[in-house]
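Pasted below: data_18.txt, compact mmCIF, C-alpha atoms.
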```
# COMPACT_ATOMS: atom_id res chain seq x y z
CA MET A 893 29.18 7.71 -6.85
CA SER A 894 28.75 8.56 -10.51
CA SER A 895 26.66 11.57 -11.46
CA ASP A 896 24.13 9.44 -13.32
CA ALA A 897 23.29 7.52 -10.16
CA PRO A 898 19.71 7.99 -8.91
CA ALA A 899 19.26 11.11 -6.83
CA TYR A 900 18.80 9.16 -3.62
CA LEU A 901 22.27 7.67 -4.04
CA ARG A 902 23.90 10.99 -4.89
CA ARG A 903 23.51 12.60 -1.49
CA VAL A 904 26.95 13.96 -0.77
CA THR A 905 27.11 13.77 2.98
CA LEU A 906 24.96 11.38 4.90
CA SER A 907 23.70 12.52 8.27
CA THR A 908 24.78 10.59 11.31
CA GLN A 909 22.39 8.50 13.36
CA ALA A 910 22.82 11.02 16.18
CA GLU A 911 21.65 13.86 13.92
CA VAL A 912 18.65 11.88 12.70
CA SER A 913 17.84 10.78 16.25
CA ASP A 914 17.91 14.43 17.36
CA GLU A 915 15.47 15.33 14.59
CA ILE A 916 13.20 12.44 15.58
CA ALA A 917 13.32 13.48 19.23
CA ALA A 918 12.54 17.12 18.45
CA LEU A 919 9.51 16.17 16.34
CA GLY A 920 8.30 13.76 19.01
CA LYS A 921 8.64 16.38 21.69
CA ALA A 922 6.76 18.98 19.64
CA TYR A 923 3.99 16.46 19.03
CA ALA A 924 3.64 15.66 22.72
CA ALA A 925 3.51 19.37 23.56
CA ALA A 926 0.88 20.13 20.90
CA GLY A 927 -1.66 17.74 22.44
CA ALA A 928 -3.56 16.88 19.24
CA GLU A 929 -3.76 13.16 18.57
CA GLU A 930 -2.44 11.81 15.25
CA ALA A 931 -3.26 8.25 14.24
CA GLN A 932 -1.34 8.02 10.96
CA PRO A 933 2.25 8.71 9.88
CA ARG A 934 3.29 12.25 9.03
CA LEU A 935 3.69 12.49 5.27
CA ASP A 936 6.10 15.38 5.79
CA TYR A 937 8.74 13.75 7.99
CA PRO A 938 12.22 15.08 7.13
CA PRO A 939 14.18 12.46 9.13
CA TYR A 940 13.01 10.07 6.37
CA ARG A 941 14.99 11.84 3.67
CA SER A 942 13.09 10.37 0.71
CA SER A 943 9.87 11.95 1.98
CA VAL A 944 11.13 15.50 1.48
CA LEU A 945 10.09 15.79 -2.18
CA ARG A 946 7.43 13.12 -1.99
CA HIS A 947 4.81 14.53 0.34
CA PRO A 948 1.92 16.82 -0.60
CA THR A 949 2.29 20.29 0.86
CA LYS A 950 -1.41 21.11 0.70
CA ASP A 951 -4.06 19.66 2.99
CA PRO A 952 -6.04 16.78 1.50
CA HIS A 953 -9.48 17.73 0.24
CA GLN A 954 -12.36 16.25 2.22
CA ALA A 955 -14.59 14.06 0.04
CA ASP A 956 -17.63 11.96 0.77
CA PRO A 957 -17.07 8.60 -0.87
CA GLU A 958 -19.10 8.16 -4.04
CA GLY A 959 -19.83 5.33 -6.44
CA VAL A 960 -17.00 2.81 -6.63
CA GLU A 961 -15.32 4.34 -3.59
CA LEU A 962 -18.06 2.77 -1.46
CA TRP A 963 -17.03 -0.68 -2.67
CA ALA A 964 -13.83 -2.67 -2.81
CA PRO A 965 -12.49 -4.95 -5.52
CA ALA A 966 -13.39 -8.60 -4.97
CA PHE A 967 -10.77 -11.34 -4.90
CA GLY A 968 -11.56 -15.03 -4.90
CA HIS A 969 -9.93 -18.40 -4.75
CA GLN A 970 -9.23 -18.20 -8.48
CA ASP A 971 -6.88 -15.31 -7.62
CA VAL A 972 -4.93 -16.86 -4.77
CA ALA A 973 -3.65 -20.43 -4.47
CA ALA A 974 -3.72 -21.88 -0.94
CA LEU A 975 0.03 -22.53 -1.02
CA GLU A 976 0.76 -18.82 -1.48
CA ALA A 977 0.16 -18.39 2.26
CA ASP A 978 3.22 -20.53 3.04
CA LEU A 979 6.42 -18.70 2.12
CA THR A 980 8.54 -21.66 3.23
CA VAL A 981 7.40 -24.11 0.54
CA GLN A 982 7.94 -22.07 -2.61
CA HIS A 983 11.25 -23.71 -3.49
CA GLY A 984 12.97 -27.07 -3.33
CA GLY A 985 14.24 -26.85 0.22
CA GLU A 986 13.70 -25.27 3.60
CA PRO A 987 14.65 -21.61 3.86
CA VAL A 988 17.20 -20.56 6.46
CA GLY A 989 15.96 -18.86 9.60
CA GLU A 990 13.33 -18.92 12.31
CA ARG A 991 10.15 -20.48 10.92
CA MET A 992 7.09 -18.70 12.25
CA VAL A 993 3.37 -18.29 11.77
CA VAL A 994 1.94 -14.77 11.60
CA THR A 995 -1.80 -14.63 12.01
CA GLY A 996 -4.47 -12.17 13.02
CA ARG A 997 -7.72 -10.57 11.97
CA VAL A 998 -8.52 -7.78 9.55
CA LEU A 999 -11.27 -5.61 11.04
CA ASP A 1000 -13.01 -2.43 10.03
CA GLY A 1001 -13.22 0.56 12.34
CA ASP A 1002 -16.47 -0.76 13.80
CA GLY A 1003 -14.87 -4.08 14.72
CA ARG A 1004 -16.49 -6.09 11.95
CA PRO A 1005 -14.31 -8.73 10.29
CA VAL A 1006 -13.26 -8.09 6.71
CA ARG A 1007 -14.19 -11.43 5.15
CA HIS A 1008 -12.69 -13.18 2.13
CA GLN A 1009 -10.48 -10.24 1.27
CA LEU A 1010 -6.96 -10.18 -0.13
CA VAL A 1011 -3.87 -9.81 2.08
CA GLU A 1012 -0.44 -9.56 0.41
CA ILE A 1013 2.93 -9.60 2.19
CA TRP A 1014 6.58 -9.21 1.24
CA GLN A 1015 9.71 -9.26 3.34
CA ALA A 1016 13.47 -9.72 3.55
CA ASN A 1017 14.96 -13.12 4.30
CA ALA A 1018 16.52 -14.13 7.62
CA GLY A 1019 19.71 -12.28 6.71
CA GLY A 1020 17.92 -9.04 5.88
CA ARG A 1021 18.15 -9.41 2.09
CA TYR A 1022 15.32 -8.83 -0.38
CA ILE A 1023 15.08 -10.64 -3.69
CA HIS A 1024 15.09 -7.32 -5.51
CA LYS A 1025 17.69 -5.99 -7.91
CA ARG A 1026 17.84 -2.71 -6.06
CA ASP A 1027 18.77 -4.40 -2.77
CA GLN A 1028 22.56 -4.38 -2.76
CA HIS A 1029 22.99 -5.30 0.91
CA PRO A 1030 25.78 -7.88 0.86
CA ALA A 1031 23.90 -10.51 2.83
CA ALA A 1032 23.23 -13.93 1.38
CA ILE A 1033 20.31 -14.53 -0.94
CA ASP A 1034 18.45 -17.62 0.20
CA PRO A 1035 17.66 -19.78 -2.84
CA ASN A 1036 14.77 -21.28 -0.87
CA PHE A 1037 13.09 -18.02 0.04
CA THR A 1038 11.47 -15.39 -2.14
CA GLY A 1039 9.60 -13.54 0.58
CA THR A 1040 6.23 -12.87 -1.04
CA GLY A 1041 2.88 -14.29 0.01
CA ARG A 1042 -0.85 -13.85 -0.46
CA CYS A 1043 -3.97 -15.16 1.18
CA LEU A 1044 -7.64 -14.43 1.57
CA THR A 1045 -9.09 -13.77 4.99
CA ASP A 1046 -11.58 -16.37 6.14
CA GLY A 1047 -15.14 -15.89 7.31
CA ASP A 1048 -13.91 -14.36 10.58
CA GLY A 1049 -11.47 -12.01 8.88
CA VAL A 1050 -8.52 -14.20 9.87
CA TYR A 1051 -5.35 -14.25 7.76
CA ARG A 1052 -2.50 -16.67 8.38
CA PHE A 1053 0.98 -16.92 6.87
CA THR A 1054 3.82 -19.34 7.47
CA THR A 1055 7.16 -17.67 6.85
CA ILE A 1056 10.65 -16.95 8.18
CA LYS A 1057 11.43 -14.17 10.62
CA PRO A 1058 13.02 -11.40 8.54
CA GLY A 1059 16.32 -9.83 9.55
CA PRO A 1060 17.01 -6.12 9.98
CA TYR A 1061 18.84 -4.51 7.10
CA PRO A 1062 20.88 -1.39 6.35
CA TRP A 1063 19.65 1.41 4.10
CA ARG A 1064 20.97 4.73 2.87
CA ASN A 1065 18.77 7.20 4.70
CA HIS A 1066 21.70 8.21 6.88
CA ARG A 1067 25.01 6.75 7.94
CA ASN A 1068 24.70 3.34 9.62
CA ALA A 1069 20.92 3.37 9.20
CA TRP A 1070 19.18 0.05 9.90
CA ARG A 1071 15.53 -0.81 9.47
CA PRO A 1072 13.93 -2.81 12.28
CA ALA A 1073 12.83 -6.25 11.07
CA HIS A 1074 9.41 -5.96 9.44
CA ILE A 1075 6.93 -7.56 7.08
CA HIS A 1076 5.15 -5.37 4.52
CA PHE A 1077 1.37 -5.86 4.46
CA SER A 1078 -1.05 -4.81 1.71
CA LEU A 1079 -4.70 -4.76 2.82
CA PHE A 1080 -8.12 -4.15 1.35
CA GLY A 1081 -11.38 -3.57 3.17
CA THR A 1082 -14.96 -3.58 1.99
CA GLU A 1083 -14.52 -0.05 0.60
CA PHE A 1084 -11.89 1.54 -1.61
CA THR A 1085 -11.35 4.22 1.06
CA GLN A 1086 -9.95 1.54 3.40
CA ARG A 1087 -7.07 0.55 1.11
CA MET A 1088 -3.85 0.42 3.10
CA VAL A 1089 -0.21 -0.65 2.90
CA THR A 1090 1.75 -0.86 6.13
CA GLN A 1091 4.54 -2.72 7.93
CA MET A 1092 4.35 -5.16 10.83
CA TYR A 1093 7.19 -5.15 13.35
CA PHE A 1094 8.38 -7.51 16.09
CA PRO A 1095 8.18 -6.81 19.82
CA GLY A 1096 11.13 -5.26 21.59
CA ASP A 1097 13.18 -4.36 18.54
CA PRO A 1098 16.14 -2.20 19.64
CA LEU A 1099 16.03 -0.34 16.30
CA PHE A 1100 12.58 1.21 16.88
CA ALA A 1101 13.91 4.41 18.43
CA LEU A 1102 16.41 4.90 15.61
CA ASP A 1103 14.13 4.31 12.63
CA PRO A 1104 12.57 7.35 10.94
CA ILE A 1105 9.95 5.30 9.08
CA TYR A 1106 8.57 3.77 12.27
CA GLN A 1107 8.92 7.09 14.11
CA SER A 1108 7.06 8.97 11.35
CA ILE A 1109 4.01 7.86 13.32
CA VAL A 1110 4.70 10.42 16.01
CA ASP A 1111 2.07 9.09 18.43
CA PRO A 1112 3.64 6.32 20.54
CA ALA A 1113 0.38 4.38 21.01
CA ALA A 1114 -0.42 4.59 17.30
CA ARG A 1115 2.99 3.26 16.20
CA GLY A 1116 2.72 0.54 18.81
CA ARG A 1117 -0.23 -0.80 16.80
CA LEU A 1118 2.25 -1.95 14.17
CA VAL A 1119 4.01 -4.29 16.59
CA ALA A 1120 2.94 -7.93 16.63
CA THR A 1121 2.59 -9.92 19.85
CA TYR A 1122 4.41 -13.16 20.48
CA ASP A 1123 1.69 -15.76 21.07
CA HIS A 1124 2.66 -19.13 22.49
CA ASP A 1125 -0.73 -20.50 21.46
CA VAL A 1126 0.24 -19.84 17.86
CA THR A 1127 3.68 -21.37 18.37
CA GLN A 1128 3.70 -25.05 17.39
CA HIS A 1129 5.45 -27.94 19.14
CA GLU A 1130 8.81 -28.67 17.52
CA TRP A 1131 7.83 -26.70 14.44
CA CYS A 1132 7.64 -22.89 14.56
CA THR A 1133 7.14 -19.78 16.66
CA GLY A 1134 3.94 -17.75 16.45
CA TYR A 1135 3.03 -14.09 16.28
CA ARG A 1136 -0.36 -12.43 16.33
CA TRP A 1137 -1.18 -9.09 14.74
CA ASP A 1138 -4.62 -7.63 14.08
CA VAL A 1139 -5.22 -4.88 11.56
CA VAL A 1140 -7.94 -2.25 11.91
CA LEU A 1141 -8.86 -0.37 8.74
CA THR A 1142 -10.40 3.09 8.66
CA GLY A 1143 -14.14 3.41 8.13
CA PRO A 1144 -16.30 2.11 6.58
CA HIS A 1145 -18.90 4.63 5.40
CA ARG A 1146 -21.46 2.36 3.83
CA THR A 1147 -23.76 0.18 5.92
CA PRO A 1148 -22.51 -3.34 5.30
CA LEU A 1149 -24.75 -5.28 2.98
CA GLU A 1150 -25.22 -8.96 2.45
CA ARG A 1151 -22.48 -8.92 -0.18
CA ASP A 1152 -19.89 -8.22 2.50
CA THR A 1153 -20.98 -10.93 4.83
CA VAL A 1154 -22.08 -13.74 2.54
CA GLU A 1155 -20.07 -16.89 3.15
CA GLN A 1156 -18.39 -18.27 0.10
CA ALA A 1157 -19.28 -21.87 -0.56
CA ASP A 1158 -15.63 -22.67 -1.21
CA GLY A 1159 -14.35 -20.56 1.66
CA GLY A 1160 -12.34 -23.38 3.15
CA VAL A 1161 -12.01 -24.42 6.75
CA GLU A 1162 -12.98 -21.70 9.20
CA GLN A 1163 -10.52 -21.04 11.98
CA MET B 728 -17.69 0.11 18.82
CA SER B 729 -15.01 2.23 17.26
CA LEU B 730 -11.49 0.82 17.06
CA ALA B 731 -8.29 2.82 16.63
CA PRO B 732 -6.99 2.34 13.10
CA THR B 733 -3.72 0.65 12.31
CA PRO B 734 -1.38 3.28 10.83
CA GLY B 735 -0.09 3.02 7.28
CA GLN B 736 3.57 2.95 6.28
CA THR B 737 5.45 3.55 3.06
CA VAL B 738 5.38 0.82 0.44
CA GLY B 739 9.19 1.19 0.43
CA PRO B 740 11.60 0.43 -2.42
CA PHE B 741 11.20 -3.32 -2.69
CA PHE B 742 7.53 -3.88 -3.58
CA GLY B 743 8.47 -4.49 -7.21
CA TYR B 744 8.85 -8.24 -6.81
CA ALA B 745 5.71 -8.59 -4.70
CA LEU B 746 2.83 -6.40 -5.81
CA PRO B 747 3.10 -6.25 -9.62
CA TYR B 748 1.86 -9.35 -11.47
CA ASP B 749 1.25 -10.44 -15.04
CA GLY B 750 -1.67 -8.53 -16.49
CA ASP B 751 -1.92 -6.16 -13.55
CA SER B 752 -2.42 -3.01 -15.62
CA ALA B 753 -4.55 -4.61 -18.36
CA LEU B 754 -8.14 -4.54 -17.06
CA VAL B 755 -8.95 -5.40 -20.66
CA ALA B 756 -6.48 -6.47 -23.34
CA PRO B 757 -5.12 -3.48 -25.26
CA GLY B 758 -6.59 -5.03 -28.42
CA HIS B 759 -10.13 -5.02 -27.01
CA PRO B 760 -12.33 -2.97 -29.38
CA ASP B 761 -13.38 -0.62 -26.56
CA ALA B 762 -10.00 -0.47 -24.81
CA VAL B 763 -8.78 2.95 -23.73
CA GLN B 764 -5.47 3.91 -22.22
CA LEU B 765 -5.38 5.73 -18.88
CA HIS B 766 -1.84 6.92 -18.40
CA GLY B 767 0.35 9.70 -17.11
CA ARG B 768 3.45 10.56 -15.16
CA VAL B 769 4.09 10.65 -11.44
CA LEU B 770 6.29 13.59 -10.47
CA ASP B 771 7.94 14.72 -7.24
CA GLY B 772 8.36 18.18 -5.77
CA ALA B 773 11.34 18.93 -8.02
CA GLY B 774 9.35 17.93 -11.09
CA ASP B 775 11.42 14.77 -11.41
CA PRO B 776 9.78 11.49 -12.36
CA VAL B 777 9.03 9.03 -9.57
CA PRO B 778 10.23 5.71 -11.02
CA ASP B 779 9.27 3.64 -8.00
CA ALA B 780 5.59 4.44 -7.61
CA LEU B 781 2.64 2.10 -7.86
CA ILE B 782 -0.80 3.30 -8.97
CA GLU B 783 -3.96 1.35 -8.30
CA LEU B 784 -7.12 1.87 -10.31
CA TRP B 785 -10.67 1.05 -9.24
CA GLN B 786 -13.54 1.99 -11.49
CA ALA B 787 -17.08 1.36 -12.63
CA GLY B 788 -17.78 -0.58 -15.81
CA PRO B 789 -19.02 1.08 -19.01
CA ASP B 790 -22.61 0.58 -17.80
CA GLY B 791 -21.84 2.53 -14.62
CA ASP B 792 -22.21 -0.51 -12.40
CA VAL B 793 -19.64 -1.33 -9.74
CA PRO B 794 -17.88 -4.55 -10.79
CA SER B 795 -18.31 -7.40 -8.31
CA GLY B 796 -16.44 -10.16 -10.10
CA ALA B 797 -13.25 -11.65 -8.70
CA GLY B 798 -10.29 -12.47 -10.89
CA SER B 799 -8.17 -9.32 -10.92
CA LEU B 800 -4.99 -11.27 -10.11
CA ARG B 801 -5.52 -14.05 -12.64
CA ARG B 802 -7.59 -12.47 -15.37
CA ASP B 803 -9.76 -14.80 -17.43
CA GLY B 804 -9.85 -12.41 -20.38
CA PHE B 805 -13.62 -11.93 -20.17
CA THR B 806 -14.56 -10.63 -16.72
CA PHE B 807 -14.18 -6.88 -16.23
CA THR B 808 -13.15 -6.64 -12.58
CA GLY B 809 -12.65 -2.87 -12.51
CA TRP B 810 -9.39 -3.10 -10.59
CA GLY B 811 -5.74 -3.08 -11.56
CA ARG B 812 -2.31 -1.79 -10.64
CA ALA B 813 0.47 -0.21 -12.67
CA SER B 814 4.09 0.44 -11.73
CA THR B 815 5.82 3.56 -13.01
CA ASP B 816 8.78 3.09 -15.32
CA ASP B 817 12.09 4.96 -15.25
CA THR B 818 10.39 8.05 -16.68
CA GLY B 819 7.71 7.99 -13.97
CA HIS B 820 5.12 6.85 -16.51
CA TYR B 821 2.23 4.51 -15.66
CA SER B 822 -0.32 3.09 -18.05
CA PHE B 823 -3.56 1.10 -17.79
CA SER B 824 -5.54 -0.54 -20.55
CA THR B 825 -9.17 -0.35 -19.50
CA LEU B 826 -12.72 0.64 -20.46
CA THR B 827 -14.26 4.09 -20.15
CA PRO B 828 -16.33 4.05 -16.97
CA GLY B 829 -20.01 4.89 -17.13
CA ALA B 830 -19.35 7.07 -14.08
CA PRO B 831 -17.72 10.47 -13.60
CA PHE B 832 -14.27 9.35 -12.44
CA PHE B 833 -11.56 6.73 -12.13
CA ALA B 834 -10.59 6.22 -8.45
CA LEU B 835 -6.83 6.01 -7.91
CA THR B 836 -4.44 5.27 -5.06
CA VAL B 837 -0.78 6.26 -5.15
CA PHE B 838 2.03 4.39 -3.38
CA ALA B 839 5.75 5.19 -3.61
CA ARG B 840 9.04 4.88 -1.83
CA GLY B 841 9.37 8.09 0.19
CA LEU B 842 5.60 8.47 0.47
CA LEU B 843 4.78 7.54 4.05
CA ASN B 844 1.14 6.65 3.44
CA ARG B 845 -1.00 6.04 0.36
CA LEU B 846 -2.74 8.92 -1.35
CA PHE B 847 -6.23 8.86 -2.82
CA THR B 848 -7.35 10.87 -5.81
CA ARG B 849 -9.89 10.86 -8.64
CA ALA B 850 -9.33 11.25 -12.38
CA TYR B 851 -12.54 12.79 -13.72
CA LEU B 852 -13.50 12.24 -17.33
CA PRO B 853 -13.21 15.52 -19.28
CA GLU B 854 -16.97 15.55 -19.95
CA HIS B 855 -17.59 15.51 -16.19
CA SER B 856 -15.46 18.57 -15.44
CA ASP B 857 -18.65 20.27 -14.19
CA ASP B 858 -19.26 17.55 -11.58
CA PRO B 859 -20.70 19.02 -8.37
CA PHE B 860 -17.80 17.60 -6.35
CA LEU B 861 -15.27 19.52 -8.44
CA ALA B 862 -17.13 22.73 -7.58
CA THR B 863 -16.09 22.14 -3.95
CA VAL B 864 -12.41 22.23 -4.94
CA ASP B 865 -10.48 25.51 -5.24
CA ALA B 866 -10.91 26.68 -8.84
CA GLY B 867 -7.16 27.06 -9.34
CA ARG B 868 -6.51 23.41 -8.44
CA ARG B 869 -9.66 21.76 -9.79
CA GLY B 870 -8.00 20.94 -13.09
CA THR B 871 -5.56 18.57 -11.41
CA LEU B 872 -8.49 16.17 -10.93
CA VAL B 873 -9.59 16.15 -14.57
CA ALA B 874 -8.03 13.78 -17.10
CA GLU B 875 -7.29 15.04 -20.60
CA ARG B 876 -8.32 13.14 -23.68
CA ASP B 877 -5.62 11.91 -26.05
CA GLU B 878 -5.36 9.62 -29.04
CA HIS B 879 -5.79 6.38 -27.10
CA GLY B 880 -7.83 7.50 -24.12
CA PHE B 881 -6.95 9.67 -21.17
CA VAL B 882 -3.88 11.35 -19.70
CA PHE B 883 -3.73 11.97 -15.97
CA ASP B 884 -0.47 13.19 -14.42
CA ILE B 885 0.02 12.94 -10.68
CA ARG B 886 2.16 15.63 -9.03
CA ILE B 887 2.85 14.55 -5.47
CA GLN B 888 4.25 17.95 -4.54
CA GLY B 889 4.95 21.39 -5.97
CA GLU B 890 3.30 23.77 -8.34
CA ASP B 891 0.13 22.18 -9.74
CA GLU B 892 0.24 19.63 -6.91
CA THR B 893 -2.55 17.12 -7.49
CA VAL B 894 -5.53 17.43 -5.18
CA PHE B 895 -5.51 14.38 -2.92
CA LEU B 896 -8.56 13.27 -1.02
CA THR B 897 -9.39 12.32 2.50
CA TYR B 898 -12.65 10.74 3.56
CA PRO B 899 -14.64 10.94 6.79
CA ARG B 900 -13.24 8.53 9.42
CA HIS B 901 -9.75 8.76 7.97
```

Would you write out, as structure tokens, the structure that this file holds?
Amino acid sequence: MSSDAPAYLRRVTLSTQAEVSDEIAALGKAYAAAGAEEAQPRLDYPPYRSSVLRHPTKDPHQADPEGVELWAPAFGHQDVAALEADLTVQHGGEPVGERMVVTGRVLDGDGRPVRHQLVEIWQANAGGRYIHKRDQHPAAIDPNFTGTGRCLTDGDGVYRFTTIKPGPYPWRNHRNAWRPAHIHFSLFGTEFTQRMVTQMYFPGDPLFALDPIYQSIVDPAARGRLVATYDHDVTQHEWCTGYRWDVVLTGPHRTPLERDTVEQADGGVEQ
Amino acid sequence: MSLAPTPGQTVGPFFGYALPYDGDSALVAPGHPDAVQLHGRVLDGAGDPVPDALIELWQAGPDGDVPSGAGSLRRDGFTFTGWGRASTDDTGHYSFSTLTPGAPFFALTVFARGLLNRLFTRAYLPEHSDDPFLATVDAGRRGTLVAERDEHGFVFDIRIQGEDETVFLTYPRH
């Protein structure tokens, strides 16, 4: 590797999976022994090597949300075309892979639906390849699949995407490192403080135990919340499989006002 | 009812073909008579630039009101939506073209490969450096939350780790 390669490519000796797995196990064991519940990923999680210089070392400062923080940006149908929710129709032909529907609800911490709000996704194709110049995994690019989608939740907070099941892919965290198949989700609530980006996984993935990004959520129940459920009622006859995954955002802090619950006249068909 | 929150995860290395979009960082066109630049660098714990970070901005309008208009993804050139996103370049630099808020701060979120969950912070306008909230922050670190004025607007560097680490925020129920 040349010396002008990015730092993350310059690592001289990659750890083995066994070494990383030992680190993951030790951190998991220490968490279980400590007995204090953690609902979010550790920012300081050394098994994910890129986190070492990219986590704050000081505790976050507690703030009461003020002003704009008590509100979220608004997105409307002028922002998102209906076809953006179907990742299988963006090109001239059918993408390769298992066609599937992923659907669920976006809720706030009090169980209220987040209505008419933006959901963005991106993912690898069926072979585990992203359409991104930095992805050098020698798996085929699918000319019929880009892997990005957007939609607005409906009046019940429901989002719905039609896509292809992504494949697992290798990365350079350690030797023979493979990410479990996942879809990246970008979510907004009714408040800025609820902004979140996360990853949705598929049930029963054998790579879960080996993956430092998934395991950075040291609480087993909490990381289980990132795993979708196969739902045969979402699966469609002779067409596609179906997965269901609900998202719960933190908060809110503000008492919801009419603005959050008003139905948009052009809100489309409710599900 | 209180539901357990879904955990966050890193934005990863490949968001660059999904989250950025045309006009994302231009809340107003740079040629707008009242346009200001809000910009700075994102740095890691070694002081190196973070070239694969994404910053999101959410702010009040010049009148201090919270914008409620849609249209941040397909800007019509007239509606000030108050929201945008900017990717860092190879030098870790991000830049927004926007309006000066009629409120004490710009609200920002930080996403990056290697950062396992988003970070929240505020960039206070220099004239609001005596804001009561800032008085609750350790005096030695308070300055990391205050933007500096420059020729075109405001500079606000974000140090994810290290000396002069930016103060990041958490909110009740997080």

Inset, instruction - Would you mind reading off the distance between atom CA of B:Leu896 and atom CA of B:Asp792, one decimal, in Å? - result: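 Between these atoms lies a distance of 22.5 Å.
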
Inset, instruction - Could you please select, counting all atoms listed in the file, the residues of chain B within 6 Å of chain A and state them as a VMD selection string? - result: chain B and resid 728 to 730 732 to 736 745 771 to 772 793 797 to 798 800 to 801 841 to 843 887 to 888 895 to 898 900 to 901

Inset, instruction - Would you kindly identify which residues have an atom no farther than 10 Å from (-9.1, 4.3, -9.1), using only C-alpha atoms and the file's own coordinates, and write them out as a PyMOL selection string? - result: (chain A and resi 960-961+1084) or (chain B and resi 782-787+809-812+832-837+847-850)

Inset, instruction - For each of A:Cys1132, A:Val988, A:Pro938, A:Ala973, take the minimum atom-to-atom distance to A:Glu915, counting all atoms listed in the file, then give the residue where this is smallest. - result: A:Pro938

Inset, instruction - Fewer than 3 positions away in the same chain doesn't count, so skip those; otherwise give me all residues within 10 Å of B:His879, counting all atoms listed in the file, as a ChimeraX atom specification. - result: /B:762-766,824,876,882

Inset, instruction - For atom CA of A:His1074 and atom CA of A:Tyr1093, quote the distance in Å rounded to one decimal. - result: 4.6 Å

Inset, instruction - One decimal, Å: what's the distance from atom CA of B:Gly767 over to atom CA of B:His820, could you say? - result: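 Result for atom CA of B:Gly767 versus atom CA of B:His820: 5.6 Å, one decimal.
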
Legend entry - Nearest-residue call for A:His1008, choices A:Gly1081, A:Pro1058, A:Pro1104, A:Gly989, using all atoms listed in the file: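 Once distances to A:His1008 are computed over all atoms listed in the file, the minimum belongs to A:Gly1081.
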
Inset, instruction - Would you kindly identify which residues have an atom no farther than 6 Å from (6.2, -5.8, 20.1), using all atoms listed in the file and the file's own coordinates, and write them out as number ranges by chain? - result: A: 1094-1096, 1119-1121

Take the residues from that selection and write them out as a PDB file, in the coordinates of the input, keeping C-alpha atoms.
```pdb
ATOM      1  CA  PHE A1094       8.380  -7.510  16.090  1.00  0.00           C
ATOM      2  CA  PRO A1095       8.180  -6.810  19.820  1.00  0.00           C
ATOM      3  CA  GLY A1096      11.130  -5.260  21.590  1.00  0.00           C
ATOM      4  CA  VAL A1119       4.010  -4.290  16.590  1.00  0.00           C
ATOM      5  CA  ALA A1120       2.940  -7.930  16.630  1.00  0.00           C
ATOM      6  CA  THR A1121       2.590  -9.920  19.850  1.00  0.00           C
TER       7      THR A1121
END
```

Inset, instruction - Would you please work out which residue, of B:Gly880, B:Gly788, B:Pro828, B:Gly774, is nearest to B:His855 when using only C-alpha atoms? - result: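 Ranked by minimum distance to B:His855, first place goes to B:Pro828.
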
Legend entry - Proximity to B:Arg869 - best of B:Ala813, B:Leu852, B:Ala756, B:Val894, only C-alpha atoms: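 So, comparing all the options, the nearest one is B:Val894.
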
Emit as JSON the padded axis-aligned box for all listed atoms of stretch 737-745 of chain B, 5 Å per side, with centre and edge lengths in Å to one decimal.
```
{"center_x": 8.5, "center_y": -2.5, "center_z": -2.1, "size_x": 16.2, "size_y": 22.1, "size_z": 20.3}
```

Legend entry - Nearest candidate to B:Ser814 (options B:Leu846, B:Leu826, B:Ala731, B:Val777; using all atoms listed in the file):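 With all atoms listed in the file as the atom set, the closest residue is B:Val777.
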
Inset, instruction - List the neighbours of B:Asp779 out to 7 Å using all atoms listed in the file; skip same-chain residues closer than 4 positions along the sequence, and give me the result as a VMD selection string. - result: chain B and resid 740 815 839 to 840

Take stretch 767-774 of chain B, bring it up to N, CA and C atoms, and give me the output as a short mmCIF file (atom, residue, chain, number, x, y, z; two decimals), in the frame of the given file.
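Wrote result16.cif, looks like this:
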```
data_model
loop_
_atom_site.label_atom_id
_atom_site.label_comp_id
_atom_site.auth_asym_id
_atom_site.auth_seq_id
_atom_site.Cartn_x
_atom_site.Cartn_y
_atom_site.Cartn_z
N GLY B 767 -0.18 8.40 -17.50
CA GLY B 767 0.35 9.70 -17.11
C GLY B 767 1.67 9.52 -16.40
N ARG B 768 2.17 10.60 -15.85
CA ARG B 768 3.45 10.56 -15.16
C ARG B 768 3.24 10.90 -13.69
N VAL B 769 4.08 10.32 -12.86
CA VAL B 769 4.09 10.65 -11.44
C VAL B 769 5.35 11.46 -11.19
N LEU B 770 5.18 12.65 -10.63
CA LEU B 770 6.29 13.59 -10.47
C LEU B 770 6.43 14.01 -9.01
N ASP B 771 7.70 14.28 -8.62
CA ASP B 771 7.94 14.72 -7.24
C ASP B 771 8.00 16.25 -7.15
N GLY B 772 8.37 16.75 -6.00
CA GLY B 772 8.36 18.18 -5.77
C GLY B 772 9.39 18.96 -6.57
N ALA B 773 10.36 18.27 -7.16
CA ALA B 773 11.34 18.93 -8.02
C ALA B 773 10.94 18.79 -9.49
N GLY B 774 9.77 18.18 -9.71
CA GLY B 774 9.35 17.93 -11.09
C GLY B 774 10.01 16.72 -11.71
#
```
